[in-house]
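S.K.: Once you've had a glance at the structure underneath, I'll fire off some questions.
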Amino acid sequence: MYNVSVSPHIRDKSSTKKIMLDVCIALMPTLAFGVWHFGINALLVIISSVLSCVISEAVFELIAKKPITVFDLSAVVTGLILALNMPPNIAWWVPAVGGVFAIIIIKMLFGGIGQNIINPALGARCFLLISFASRMTDFSVDGVSSATPLASLKAGGSIDLLDAFLGFRNGCIGEVSCLAVLIGAAYLLIKKVISIRIPAVYIISAMLFIFLFNLSGGVPSANYMLGQLLTGGLLSGAVFMATDYTTSPITKGGQVIYAALIGFLIAVFRVLGSSAEGVSYAIIISNLLVPLIEKISVPKAFGIRKKEEV
């Protein structure tokens, strides 16, 4: 039997609330750009998602007679990340349903913060993709529907890379502007909330496997490869989702294996799968394998020798 337990704790001046506040600040540029680019409905989606998460956590804890933990801002972060992954013109009640699912089913029923086995926001997004597929894949703007840049690449087209980097394209609220995501990433790295290890290995492995899987049809173009990097939430997944403390390994070797696995799965879903997307599924599948990854990546204790054979 393999027992899954809470990770060991190291004494530090940081607190859950401080870390979550830093993540909220890092998310502001990409969410603010999404609201500016897509309009008022994007703001309503963000508000609905956050309120749903916070209220769900408070109500659950009141009913279960547990300490109220909403002031640690973890529910706010879940709501913001869920909103980041929402189409800009979706009905406000869809992210509200997702927020309830994220907090009640994925977070609280597993014991609360630090106990969930997959990222709550991504788990809720996958639930919404299954339950409301047409709404979650509708990226029409002002009633005009067009393919996402990633779908265009999969169909053999090309995209404007500058627009993809700056964010002047359609897509989810918080994934369109790579520049805004990189600003948030820089903040988290400077504040040492995350390390570069998981995002770097994740991005490099994803691009490597996407390149390799496309070789059967010839060497992929630079536009195709850079388009894969700049679209579809690959960067936002690397910075804000794959680095989640609870659902990522604590060992350095484990983090490399985990990030490489995510990159491999993204390439499988994008190149070999029927859908152009795959970041959310790749991350939550890898989340589920974290206990096994940590088991095989535990470093040897210094000074311990194997018993001599008799």
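Lettering and numbering for the structure tokens are positional, with chains as A, B, ... in the shown order, residues counted from 1 in each chain, and ligands counted from 1 in the shown order.
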Identify, on the basis of only C-alpha atoms, every residue whose closest approach to A:Ala206 does not exceed 9 Å; exclude the query and any residue fewer than 6 positions from it along the same chain; express the result as an mmCIF file with N, CA, C and O atoms, in the first residue's frame.
M.R.:
```
data_model
loop_
_atom_site.group_PDB
_atom_site.id
_atom_site.type_symbol
_atom_site.label_atom_id
_atom_site.label_comp_id
_atom_site.auth_asym_id
_atom_site.auth_seq_id
_atom_site.Cartn_x
_atom_site.Cartn_y
_atom_site.Cartn_z
ATOM 1 N N LEU A 229 3.667 28.186 -28.867
ATOM 2 C CA LEU A 229 4.168 28.727 -27.598
ATOM 3 C C LEU A 229 3.312 29.881 -27.093
ATOM 4 O O LEU A 229 3.036 29.978 -25.889
ATOM 5 N N LEU A 234 -0.624 28.092 -23.017
ATOM 6 C CA LEU A 234 0.577 27.342 -22.631
ATOM 7 C C LEU A 234 1.399 28.110 -21.593
ATOM 8 O O LEU A 234 1.840 27.540 -20.589
ATOM 9 N N ALA A 260 8.118 17.882 -17.251
ATOM 10 C CA ALA A 260 8.346 17.229 -18.543
ATOM 11 C C ALA A 260 7.127 16.405 -18.956
ATOM 12 O O ALA A 260 6.773 16.349 -20.140
ATOM 13 N N LEU A 261 6.477 15.780 -17.981
ATOM 14 C CA LEU A 261 5.268 15.001 -18.270
ATOM 15 C C LEU A 261 4.157 15.911 -18.787
ATOM 16 O O LEU A 261 3.457 15.563 -19.751
ATOM 17 N N ILE A 262 3.996 17.073 -18.167
ATOM 18 C CA ILE A 262 2.979 18.021 -18.638
ATOM 19 C C ILE A 262 3.270 18.430 -20.077
ATOM 20 O O ILE A 262 2.383 18.450 -20.939
ATOM 21 N N GLY A 263 4.526 18.758 -20.359
ATOM 22 C CA GLY A 263 4.902 19.146 -21.710
ATOM 23 C C GLY A 263 4.621 18.050 -22.717
ATOM 24 O O GLY A 263 4.113 18.315 -23.821
ATOM 25 N N PHE A 264 4.937 16.803 -22.354
ATOM 26 C CA PHE A 264 4.671 15.663 -23.237
ATOM 27 C C PHE A 264 3.173 15.518 -23.506
ATOM 28 O O PHE A 264 2.752 15.338 -24.655
ATOM 29 N N LEU A 265 2.360 15.609 -22.454
ATOM 30 C CA LEU A 265 0.911 15.442 -22.617
ATOM 31 C C LEU A 265 0.297 16.582 -23.433
ATOM 32 O O LEU A 265 -0.621 16.358 -24.233
ATOM 33 N N ILE A 266 0.797 17.791 -23.243
ATOM 34 C CA ILE A 266 0.310 18.914 -24.055
ATOM 35 C C ILE A 266 0.551 18.630 -25.537
ATOM 36 O O ILE A 266 -0.325 18.836 -26.382
ATOM 37 N N ALA A 267 1.747 18.138 -25.863
ATOM 38 C CA ALA A 267 2.072 17.820 -27.250
ATOM 39 C C ALA A 267 1.172 16.709 -27.784
ATOM 40 O O ALA A 267 0.702 16.773 -28.926
#
```
S.K.: Within 9 Å of A:Met28, counting only C-alpha atoms, which residues qualify if same-chain residues fewer than 4 places away don't, as a ChimeraX atom specification?
M.R.: /A:23-24,32-33,180,184
S.K.: Measuring atom to atom with only C-alpha atoms, identify which of A:Gly98, A:Pro29, A:Pro149, A:Gly157 is nearest to A:Leu182.
M.R.: A:Pro29
S.K.: Env of stretch 134-139 of chain A: 7 Å cut, atoms = only C-alpha atoms, seq-sep filter 4 positions within chain, self excluded. Answer as a PyMOL selection string.
M.R.: chain A and resi 87+90+129+145+170-171
S.K.: With N, CA, C and O atoms kept, could you save the residues just selected as a PDB file, in the first residue's frame?
M.R.:
```pdb
ATOM      1  N   PRO A  87     -14.105  31.738 -21.463  1.00  0.00           N
ATOM      2  CA  PRO A  87     -14.356  32.580 -22.636  1.00  0.00           C
ATOM      3  C   PRO A  87     -14.931  33.926 -22.190  1.00  0.00           C
ATOM      4  O   PRO A  87     -15.704  33.981 -21.223  1.00  0.00           O
ATOM      5  N   ILE A  90     -19.022  34.357 -22.021  1.00  0.00           N
ATOM      6  CA  ILE A  90     -19.824  33.292 -21.444  1.00  0.00           C
ATOM      7  C   ILE A  90     -20.793  33.866 -20.411  1.00  0.00           C
ATOM      8  O   ILE A  90     -20.530  34.923 -19.806  1.00  0.00           O
ATOM      9  N   LEU A 129     -16.069  22.133 -19.275  1.00  0.00           N
ATOM     10  CA  LEU A 129     -15.879  21.765 -20.671  1.00  0.00           C
ATOM     11  C   LEU A 129     -16.727  20.556 -21.043  1.00  0.00           C
ATOM     12  O   LEU A 129     -17.250  20.461 -22.157  1.00  0.00           O
ATOM     13  N   SER A 145     -18.203  34.916 -34.903  1.00  0.00           N
ATOM     14  CA  SER A 145     -17.432  33.754 -34.492  1.00  0.00           C
ATOM     15  C   SER A 145     -16.242  33.545 -35.423  1.00  0.00           C
ATOM     16  O   SER A 145     -16.351  33.707 -36.634  1.00  0.00           O
ATOM     17  N   ASN A 170      -8.577  36.472 -30.180  1.00  0.00           N
ATOM     18  CA  ASN A 170      -9.621  35.891 -29.354  1.00  0.00           C
ATOM     19  C   ASN A 170      -9.070  34.702 -28.569  1.00  0.00           C
ATOM     20  O   ASN A 170      -8.020  34.154 -28.873  1.00  0.00           O
ATOM     21  N   GLY A 171      -9.787  34.338 -27.521  1.00  0.00           N
ATOM     22  CA  GLY A 171      -9.331  33.275 -26.620  1.00  0.00           C
ATOM     23  C   GLY A 171      -9.930  33.486 -25.249  1.00  0.00           C
ATOM     24  O   GLY A 171     -10.856  34.281 -25.073  1.00  0.00           O
TER      25      GLY A 171
END
```
S.K.: Give me the residues near A:Val290 as a ChimeraX atom specification, where near means some atom within 8 Å (using only C-alpha atoms) and where sequence neighbours in that chain fewer than 5 positions away do not count.
M.R.: /A:247-249,254,258
S.K.: Could you please take those selected residues and save C-alpha atoms as a PDB file, in the first residue's frame?
M.R.:
```pdb
ATOM      1  CA  THR A 247      -0.517  19.682  -6.580  1.00  0.00           C
ATOM      2  CA  SER A 248       3.127  19.813  -7.705  1.00  0.00           C
ATOM      3  CA  PRO A 249       6.100  17.808  -6.321  1.00  0.00           C
ATOM      4  CA  GLY A 254      10.196  15.287  -9.078  1.00  0.00           C
ATOM      5  CA  TYR A 258       6.345  16.452 -13.458  1.00  0.00           C
TER       6      TYR A 258
END
```
S.K.: Could you give me, as a tab-separated table, every stretch 236-267 of chain A residue with an atom at most 12 Å from stretch 102-121 of chain A, plus its closest atom pair and distance in Å to one decimal, counting only C-alpha atoms, rows ordered by chain then number?
M.R.:
```
residue	atom	partner	partner_atom	distance
A:Gly237	CA	A:Asn119	CA	11.2
A:Phe240	CA	A:Asn119	CA	10.6
A:Met241	CA	A:Asn119	CA	7.3
A:Ala242	CA	A:Asn119	CA	8.5
A:Thr243	CA	A:Asn119	CA	9.9
A:Asp244	CA	A:Asn119	CA	7.2
A:Tyr245	CA	A:Gly114	CA	8.0
A:Thr246	CA	A:Gly114	CA	5.2
A:Thr247	CA	A:Ile118	CA	5.7
A:Ser248	CA	A:Ile118	CA	9.0
A:Pro249	CA	A:Ile117	CA	11.4
```
S.K.: Using C-alpha atoms, can you export the residues from the last selection as an mmCIF file, in the first residue's frame?
M.R.:
```cif
data_model
loop_
_atom_site.group_PDB
_atom_site.id
_atom_site.type_symbol
_atom_site.label_atom_id
_atom_site.label_comp_id
_atom_site.auth_asym_id
_atom_site.auth_seq_id
_atom_site.Cartn_x
_atom_site.Cartn_y
_atom_site.Cartn_z
ATOM 1 C CA GLY A 237 -0.496 27.255 -17.486
ATOM 2 C CA PHE A 240 -0.052 30.118 -12.667
ATOM 3 C CA MET A 241 -1.277 26.494 -12.725
ATOM 4 C CA ALA A 242 1.539 23.966 -13.010
ATOM 5 C CA THR A 243 3.357 25.692 -10.125
ATOM 6 C CA ASP A 244 0.524 25.211 -7.609
ATOM 7 C CA TYR A 245 2.166 24.225 -4.303
ATOM 8 C CA THR A 246 -0.364 21.587 -3.316
ATOM 9 C CA THR A 247 -0.517 19.682 -6.580
ATOM 10 C CA SER A 248 3.127 19.813 -7.705
ATOM 11 C CA PRO A 249 6.100 17.808 -6.321
#
```
S.K.: Where in stretch 37-160 of chain A does DSSP assign helix (DSSP H, G or I), given as a VMD selection string?
M.R.: chain A and resid 37 to 38 40 to 63 70 to 72 74 to 84 93 to 110 120 to 131 133 to 136 149 to 154
S.K.: Rank nothing, just name the residue among A:Ala186, A:Val54, A:Leu31, A:Leu62 nearest to A:Met86, using only C-alpha atoms.
M.R.: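 For A:Met86, the nearest of the candidates is A:Leu31.
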